[in-house]
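S.K.: Have a look at this one.
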Amino acid sequence: MMPPLPERPIYLDCQATTPVDPRVVEAMLPYFTDCPGNPSSSSHLYGWEAKAVVDLARETIAQAISADPQEIIFTSGATEANNLAIKGVAEAYLSKGRHLITMQTEHNAVLEPCKYLEKLGFEVTYLLPQPDGLLDVKVLEQAIRVDTILVSVMAANNEIGVLQPLSEIGQVCRQHNVLFHTDAAQAIGKIPLDVEAMQIDLLSMTGHKLYGPKGIGALYIRNRNPHVQVAAQLQGGGQERNVRSGTLPTPQIVGLGKAIELGLAEQTAEAERLTVLRNRLWQELQVLNGIHLNGHPQQRLPGCLSVSFEGIDGAALLLGLQPYVALSSGSACASSKPTPSHVLTALGRSAQLSKATLRFGLGRFTTQAEIEQAARHVIRTIQQGQSSQKLDDTAQPELVKPEIQP
Ligand SMILES: *Cc1c(COP(=O)(O)O)cnc(C)c1O
């Protein structure tokens, strides 16, 4: 029996994006209307007000990762921060070398700038993770050459949630005099990050994965020991110390600052709460046969669980769940592509198993009742799928998107 249709599906896609916390919205609102100044307008009160709140947000963000405020450059998000870090370093260190190292399981916002650099004559090594998704630091060390300028390894994976060993990577990079960039879009505000202790030279972040607004992010660029050079990728008014031109979006910057402040203040308690919910979900799914957890069981984001289901048609599974639970099989950017996830492929999963994967993204507003309901919907849909798959192995239902009423 199908349960009655709910009004709105349960939202479990927090690795794709998160709702904005109402406290963040509240902090942003005055900077759309009452305080409309351009932070670069230095001749009147409105500009000074805007500059003051931008400075405050910059300080909050810097403190959150043990950086200096002047090391934070605002961008439109993590995609731009990654592009600026990778292309900007490549351009600035041309005389040192043309070799970069990253991982096959990175976000496309790292992989694509790397591929672009390859077209320009750079060489990029794409390391394979271990079967649990983690980088073996010895493999990294062996890949470093005299002409290596940058290692880019993400903090937390957006598809499977694994946490890379940042401190060990930072140590190896520093020993070999190679810069270390990390895409921390999924990690900031969720797990502790410290650019000093972890010896990180560049760090990308974004607002919308941590209950902040979309369209704002930042890049940390180390200023001392070593002083990291990044060539600007946008030319214009010379904002952000000439590294990233463009009028600073005061409301979004205030929102990013508030989101990071809240994330940090609630990090420990929230990680515990989400770990309990995530473990509960995993436990409930144990009634199913042929389930596989993707990625290291402990070394992972508290709110992320990626599970593959044997003998299941992935498209039919998402179709069946869609009215009840909003989630995806992997990266949102790749969800419209027919090819299996490059992350799951790198872990050695077959194309079929990769497609039959659900990424459960739990967040700040996810409740225990929602997890229990979601587990029931998933179990029912899988069991129906497994029995119909046995009856008719050739059935290939299409994922049809319903018309969305505005
Ligand atoms: C979401 C995400 C990005 C892209 O961030 P935007 O702010 O949307 O540009 C990059 N890297 C990772 C790991 C992400 O999860």
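Identifiers for the structure tokens are assigned positionally: chains receive A, B, ... in sequence, residues are indexed from 1 per chain, and ligands are indexed from 1 in the order shown.
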Considering only C-alpha atoms and all ligand atoms, give me a table of residues in chain A that are at most 7 Å from ligand 1, with the closest atom pair and distance in Å for each, as JSON lines.

M.R.:
```
{"residue": "A:Gln15", "atom": "CA", "partner": "ligand 1", "partner_atom_place_in_ligand_line": "15 (O)", "distance": 6.3}
{"residue": "A:Ala16", "atom": "CA", "partner": "ligand 1", "partner_atom_place_in_ligand_line": "1 (C)", "distance": 6.2}
{"residue": "A:Ser76", "atom": "CA", "partner": "ligand 1", "partner_atom_place_in_ligand_line": "7 (O)", "distance": 6.8}
{"residue": "A:Gly77", "atom": "CA", "partner": "ligand 1", "partner_atom_place_in_ligand_line": "7 (O)", "distance": 3.5}
{"residue": "A:Ala78", "atom": "CA", "partner": "ligand 1", "partner_atom_place_in_ligand_line": "5 (O)", "distance": 3.9}
{"residue": "A:Thr79", "atom": "CA", "partner": "ligand 1", "partner_atom_place_in_ligand_line": "9 (O)", "distance": 3.6}
{"residue": "A:Glu80", "atom": "CA", "partner": "ligand 1", "partner_atom_place_in_ligand_line": "9 (O)", "distance": 6.2}
{"residue": "A:His107", "atom": "CA", "partner": "ligand 1", "partner_atom_place_in_ligand_line": "11 (N)", "distance": 5.1}
{"residue": "A:Ala109", "atom": "CA", "partner": "ligand 1", "partner_atom_place_in_ligand_line": "10 (C)", "distance": 5.5}
{"residue": "A:Met154", "atom": "CA", "partner": "ligand 1", "partner_atom_place_in_ligand_line": "13 (C)", "distance": 6.6}
{"residue": "A:Ala156", "atom": "CA", "partner": "ligand 1", "partner_atom_place_in_ligand_line": "13 (C)", "distance": 6.7}
{"residue": "A:Asn157", "atom": "CA", "partner": "ligand 1", "partner_atom_place_in_ligand_line": "13 (C)", "distance": 5.8}
{"residue": "A:Asn158", "atom": "CA", "partner": "ligand 1", "partner_atom_place_in_ligand_line": "15 (O)", "distance": 4.6}
{"residue": "A:Asp183", "atom": "CA", "partner": "ligand 1", "partner_atom_place_in_ligand_line": "13 (C)", "distance": 5.9}
{"residue": "A:Ala184", "atom": "CA", "partner": "ligand 1", "partner_atom_place_in_ligand_line": "13 (C)", "distance": 6.4}
{"residue": "A:Ala185", "atom": "CA", "partner": "ligand 1", "partner_atom_place_in_ligand_line": "12 (C)", "distance": 4.8}
{"residue": "A:Gln186", "atom": "CA", "partner": "ligand 1", "partner_atom_place_in_ligand_line": "15 (O)", "distance": 5.1}
{"residue": "A:Thr206", "atom": "CA", "partner": "ligand 1", "partner_atom_place_in_ligand_line": "7 (O)", "distance": 4.6}
{"residue": "A:Gly207", "atom": "CA", "partner": "ligand 1", "partner_atom_place_in_ligand_line": "7 (O)", "distance": 6.8}
{"residue": "A:His208", "atom": "CA", "partner": "ligand 1", "partner_atom_place_in_ligand_line": "7 (O)", "distance": 6.6}
{"residue": "A:Lys209", "atom": "CA", "partner": "ligand 1", "partner_atom_place_in_ligand_line": "1 (C)", "distance": 6.6}
{"residue": "A:Lys214", "atom": "CA", "partner": "ligand 1", "partner_atom_place_in_ligand_line": "7 (O)", "distance": 6.8}
{"residue": "A:Gly215", "atom": "CA", "partner": "ligand 1", "partner_atom_place_in_ligand_line": "7 (O)", "distance": 6.4}
{"residue": "A:Ile216", "atom": "CA", "partner": "ligand 1", "partner_atom_place_in_ligand_line": "7 (O)", "distance": 6.7}
{"residue": "A:Gly217", "atom": "CA", "partner": "ligand 1", "partner_atom_place_in_ligand_line": "7 (O)", "distance": 6.2}
```

S.K.: Go through range 164-331 of chain A and collect every residue that DSSP, computed from the backbone, puts in helix (DSSP H, G or I); the answer should be as a ChimeraX atom specification.

M.R.: /A:166-175,250-265,267-287,314-321

S.K.: To one decimal place, how far is CA of Thr268 in chain A from CA of Tyr211 in chain A in Å?

M.R.: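 These two atoms are separated by 16.2 Å.
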
S.K.: Based on DSSP run over this structure's backbone, return all residues of range 142-271 of chain A in strand (DSSP E or B), as a list in words.

M.R.: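 After running DSSP on the backbone, range 142-271 of chain A has strand (DSSP E or B) at Thr148, Ile149, Leu150, Val151, Ser152, Ala156, Val162, Leu163, Leu179, Phe180, His181, Thr182, Asp183, Leu202, Leu203, Ser204, Met205, Thr206, Gly217, Ala218, Leu219, Tyr220 and Ile221 of chain A.
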
S.K.: Pick out the residues sitting within 10 Å of Pro251 in chain A, and hand them over as a list in words; count only C-alpha atoms, and ignore anything fewer than 6 positions along from it in its own chain.

M.R.: Val24, Val25, Ala27, Met28, Leu29, Pro30, Tyr31, Phe32, Thr33, Cys35, Pro36, Ala50, Val53, Val54, Pro213, Ile216 and Gly257 of chain A

S.K.: Taking 5 positions as the minimum chain separation for residues in the same chain, which residues sit within 9 Å of Gly37 in chain A when counting only C-alpha atoms? Answer as a PyMOL selection string.

M.R.: chain A and resi 31+44-51+250

S.K.: For Val343 in chain A, please output as a ChimeraX atom specification all residues within 12 Å (counting only C-alpha atoms; exclusion window: fewer than 5 positions along the same chain).

M.R.: /A:103-108,111,127-134,157-162,294-295,306,329-331,334,348-351,354-355,357

S.K.: Any chance you could export the current selection's N, CA, C and O atoms as a compact mmCIF listing (two decimals), in the first residue's frame?

M.R.:
```txt
# COMPACT_ATOMS: atom_id res chain seq x y z
N MET A 103 42.86 14.93 -6.59
CA MET A 103 42.31 13.58 -6.49
C MET A 103 41.20 13.38 -7.50
O MET A 103 40.52 14.32 -7.88
N GLN A 104 40.97 12.12 -7.86
CA GLN A 104 39.90 11.80 -8.82
C GLN A 104 38.52 12.06 -8.23
O GLN A 104 37.55 12.17 -8.96
N THR A 105 38.44 12.15 -6.90
CA THR A 105 37.14 12.28 -6.24
C THR A 105 36.80 13.73 -5.89
O THR A 105 35.85 13.98 -5.15
N GLU A 106 37.56 14.68 -6.44
CA GLU A 106 37.28 16.09 -6.16
C GLU A 106 35.97 16.54 -6.82
O GLU A 106 35.49 15.91 -7.77
N HIS A 107 35.47 17.66 -6.36
CA HIS A 107 34.33 18.31 -6.99
C HIS A 107 34.74 18.82 -8.37
O HIS A 107 35.91 19.14 -8.59
N ASN A 108 33.78 18.92 -9.29
CA ASN A 108 34.11 19.42 -10.63
C ASN A 108 34.68 20.84 -10.60
O ASN A 108 35.39 21.23 -11.52
N LEU A 111 38.22 19.83 -10.48
CA LEU A 111 38.67 19.02 -11.62
C LEU A 111 38.67 19.82 -12.92
O LEU A 111 39.61 19.70 -13.72
N LEU A 127 45.09 11.66 -8.26
CA LEU A 127 45.31 10.49 -7.42
C LEU A 127 44.01 9.73 -7.16
O LEU A 127 42.94 10.34 -6.99
N LEU A 128 44.14 8.41 -7.10
CA LEU A 128 43.01 7.55 -6.77
C LEU A 128 42.94 7.42 -5.25
O LEU A 128 43.98 7.27 -4.60
N PRO A 129 41.74 7.47 -4.67
CA PRO A 129 41.65 7.25 -3.22
C PRO A 129 41.77 5.76 -2.90
O PRO A 129 41.70 4.93 -3.80
N GLN A 130 41.91 5.44 -1.62
CA GLN A 130 41.79 4.05 -1.19
C GLN A 130 40.31 3.66 -1.32
O GLN A 130 39.46 4.54 -1.47
N PRO A 131 39.98 2.35 -1.21
CA PRO A 131 38.57 1.97 -1.39
C PRO A 131 37.62 2.65 -0.40
O PRO A 131 36.43 2.78 -0.67
N ASP A 132 38.14 3.15 0.73
CA ASP A 132 37.27 3.85 1.68
C ASP A 132 37.15 5.35 1.38
O ASP A 132 36.56 6.10 2.15
N GLY A 133 37.72 5.77 0.26
CA GLY A 133 37.59 7.17 -0.16
C GLY A 133 38.69 8.08 0.34
O GLY A 133 38.78 9.23 -0.08
N LEU A 134 39.53 7.58 1.26
CA LEU A 134 40.57 8.43 1.84
C LEU A 134 41.85 8.40 1.02
O LEU A 134 42.19 7.39 0.39
N ASN A 157 34.14 15.27 1.31
CA ASN A 157 33.61 14.97 -0.02
C ASN A 157 32.11 15.22 -0.07
O ASN A 157 31.37 14.82 0.82
N ASN A 158 31.66 15.85 -1.16
CA ASN A 158 30.25 16.22 -1.29
C ASN A 158 29.34 15.06 -1.65
O ASN A 158 28.14 15.16 -1.51
N GLU A 159 29.91 13.94 -2.11
CA GLU A 159 29.04 12.81 -2.46
C GLU A 159 29.01 11.74 -1.38
O GLU A 159 27.98 11.16 -1.11
N ILE A 160 30.16 11.46 -0.79
CA ILE A 160 30.21 10.35 0.16
C ILE A 160 30.56 10.83 1.57
O ILE A 160 30.52 10.06 2.52
N GLY A 161 30.91 12.09 1.72
CA GLY A 161 31.09 12.69 3.05
C GLY A 161 32.40 12.38 3.75
O GLY A 161 32.59 12.81 4.89
N VAL A 162 33.33 11.65 3.10
CA VAL A 162 34.57 11.30 3.81
C VAL A 162 35.42 12.54 4.07
O VAL A 162 35.44 13.48 3.28
N ASN A 294 29.08 3.80 1.30
CA ASN A 294 30.18 4.35 0.50
C ASN A 294 31.03 5.26 1.37
O ASN A 294 30.52 6.20 1.98
N GLY A 295 32.33 4.98 1.40
CA GLY A 295 33.25 5.82 2.16
C GLY A 295 33.49 5.28 3.56
O GLY A 295 32.76 4.41 4.05
N SER A 306 26.05 7.85 2.36
CA SER A 306 25.88 7.45 0.97
C SER A 306 25.79 5.93 0.92
O SER A 306 26.69 5.23 1.39
N SER A 329 21.36 10.92 -5.93
CA SER A 329 22.28 9.78 -5.82
C SER A 329 23.70 10.28 -5.60
O SER A 329 24.54 9.57 -5.08
N GLY A 330 23.95 11.53 -5.99
CA GLY A 330 25.29 12.07 -5.79
C GLY A 330 25.25 13.57 -5.95
O GLY A 330 24.31 14.20 -5.49
N SER A 331 26.26 14.08 -6.65
CA SER A 331 26.37 15.52 -6.82
C SER A 331 25.18 16.09 -7.60
O SER A 331 24.76 15.53 -8.59
N ALA A 334 25.75 16.80 -11.21
CA ALA A 334 25.87 15.65 -12.11
C ALA A 334 24.57 14.88 -12.22
O ALA A 334 24.49 13.91 -12.96
N GLY A 348 35.70 2.22 -6.95
CA GLY A 348 35.62 0.87 -7.48
C GLY A 348 34.21 0.33 -7.59
O GLY A 348 34.01 -0.85 -7.84
N ARG A 349 33.21 1.17 -7.40
CA ARG A 349 31.82 0.70 -7.53
C ARG A 349 31.48 0.53 -9.01
O ARG A 349 31.90 1.34 -9.85
N SER A 350 30.68 -0.51 -9.33
CA SER A 350 30.24 -0.73 -10.71
C SER A 350 29.30 0.39 -11.12
O SER A 350 28.74 1.09 -10.28
N ALA A 351 29.11 0.53 -12.45
CA ALA A 351 28.22 1.59 -12.95
C ALA A 351 26.81 1.38 -12.41
O ALA A 351 26.13 2.33 -12.02
N SER A 354 26.64 2.27 -8.74
CA SER A 354 26.77 3.73 -8.58
C SER A 354 25.44 4.42 -8.81
O SER A 354 25.09 5.37 -8.12
N LYS A 355 24.71 3.94 -9.81
CA LYS A 355 23.42 4.57 -10.12
C LYS A 355 22.40 4.25 -9.05
O LYS A 355 21.49 5.06 -8.79
N THR A 357 22.39 4.44 -5.95
CA THR A 357 22.98 5.01 -4.74
C THR A 357 22.13 6.17 -4.25
O THR A 357 21.63 6.95 -5.06
```

S.K.: Just give me the gap between CA of Val243 in chain A and CA of Gly255 in chain A in Å, one decimal is fine.

M.R.: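 Going from CA of Val243 in chain A over to CA of Gly255 in chain A covers 21.8 Å.
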
S.K.: As a PDB file with C-alpha atoms, in the first residue's frame, please: the residues near Phe365 in chain A (cut-off 12 Å, only C-alpha atoms, same-chain neighbours under 3 positions excluded).

M.R.:
```
ATOM      1  CA  ILE A  10      11.239  15.469   3.323  1.00  0.00           C
ATOM      2  CA  TYR A  11      14.381  17.452   2.462  1.00  0.00           C
ATOM      3  CA  LEU A  12      17.488  15.246   2.703  1.00  0.00           C
ATOM      4  CA  ASP A  13      19.742  16.912   0.148  1.00  0.00           C
ATOM      5  CA  CYS A  14      21.882  19.107   2.408  1.00  0.00           C
ATOM      6  CA  THR A  18      20.882  24.024   2.713  1.00  0.00           C
ATOM      7  CA  PRO A  19      18.002  26.313   3.629  1.00  0.00           C
ATOM      8  CA  VAL A  20      19.112  29.686   4.987  1.00  0.00           C
ATOM      9  CA  ASP A  21      18.851  29.867   8.771  1.00  0.00           C
ATOM     10  CA  PRO A  22      16.228  32.508   9.723  1.00  0.00           C
ATOM     11  CA  LEU A 210      26.058  25.944   5.808  1.00  0.00           C
ATOM     12  CA  TYR A 211      22.687  27.666   6.107  1.00  0.00           C
ATOM     13  CA  GLU A 270      25.085  19.642  16.116  1.00  0.00           C
ATOM     14  CA  ARG A 273      22.928  15.233  17.117  1.00  0.00           C
ATOM     15  CA  LEU A 274      23.463  14.515  13.420  1.00  0.00           C
ATOM     16  CA  LEU A 277      20.395  10.585  13.443  1.00  0.00           C
ATOM     17  CA  GLY A 303      25.196  14.574   8.319  1.00  0.00           C
ATOM     18  CA  GLY A 361      22.108  14.732   3.446  1.00  0.00           C
ATOM     19  CA  LEU A 362      20.902  15.538   6.953  1.00  0.00           C
ATOM     20  CA  GLN A 368      14.242  12.316  14.123  1.00  0.00           C
ATOM     21  CA  ALA A 369      10.626  11.904  12.946  1.00  0.00           C
ATOM     22  CA  GLU A 370      11.706  12.837   9.410  1.00  0.00           C
ATOM     23  CA  ILE A 371      14.539  10.300   9.487  1.00  0.00           C
TER      24      ILE A 371
END
```

S.K.: Nearest residue to Asp55 in chain A out of A:Gln239, A:Val254, A:Ile221, A:Gly121, using only C-alpha atoms?

M.R.: A:Val254

S.K.: Counting only C-alpha atoms, figure out which residue out of A:Ser152, A:Leu120, A:Gly311, A:Ile291 gets nearest to Gln352 in chain A.

M.R.: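 The shortest atom-to-atom distance to Gln352 in chain A comes from A:Gly311.
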
S.K.: I'd like to know which of A:Pro6, A:Pro297, A:Gly97, A:Gly320 is closest to Ile149 in chain A, using only C-alpha atoms.

M.R.: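 For Ile149 in chain A, the nearest of the candidates is A:Gly97.
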
S.K.: Counting only C-alpha atoms, figure out which residue out of A:Ala375, A:Cys114, A:Val325, A:Ala265 gets nearest to Leu285 in chain A.

M.R.: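 Comparing A:Ala375, A:Cys114, A:Val325, A:Ala265 against Leu285 in chain A, the winner is A:Ala375.
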
S.K.: Take CA of Val228 in chain A and CA of Val124 in chain A and report the distance between them in Å, one decimal.

M.R.: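 That distance, rounded to one decimal, is 20.1 Å.
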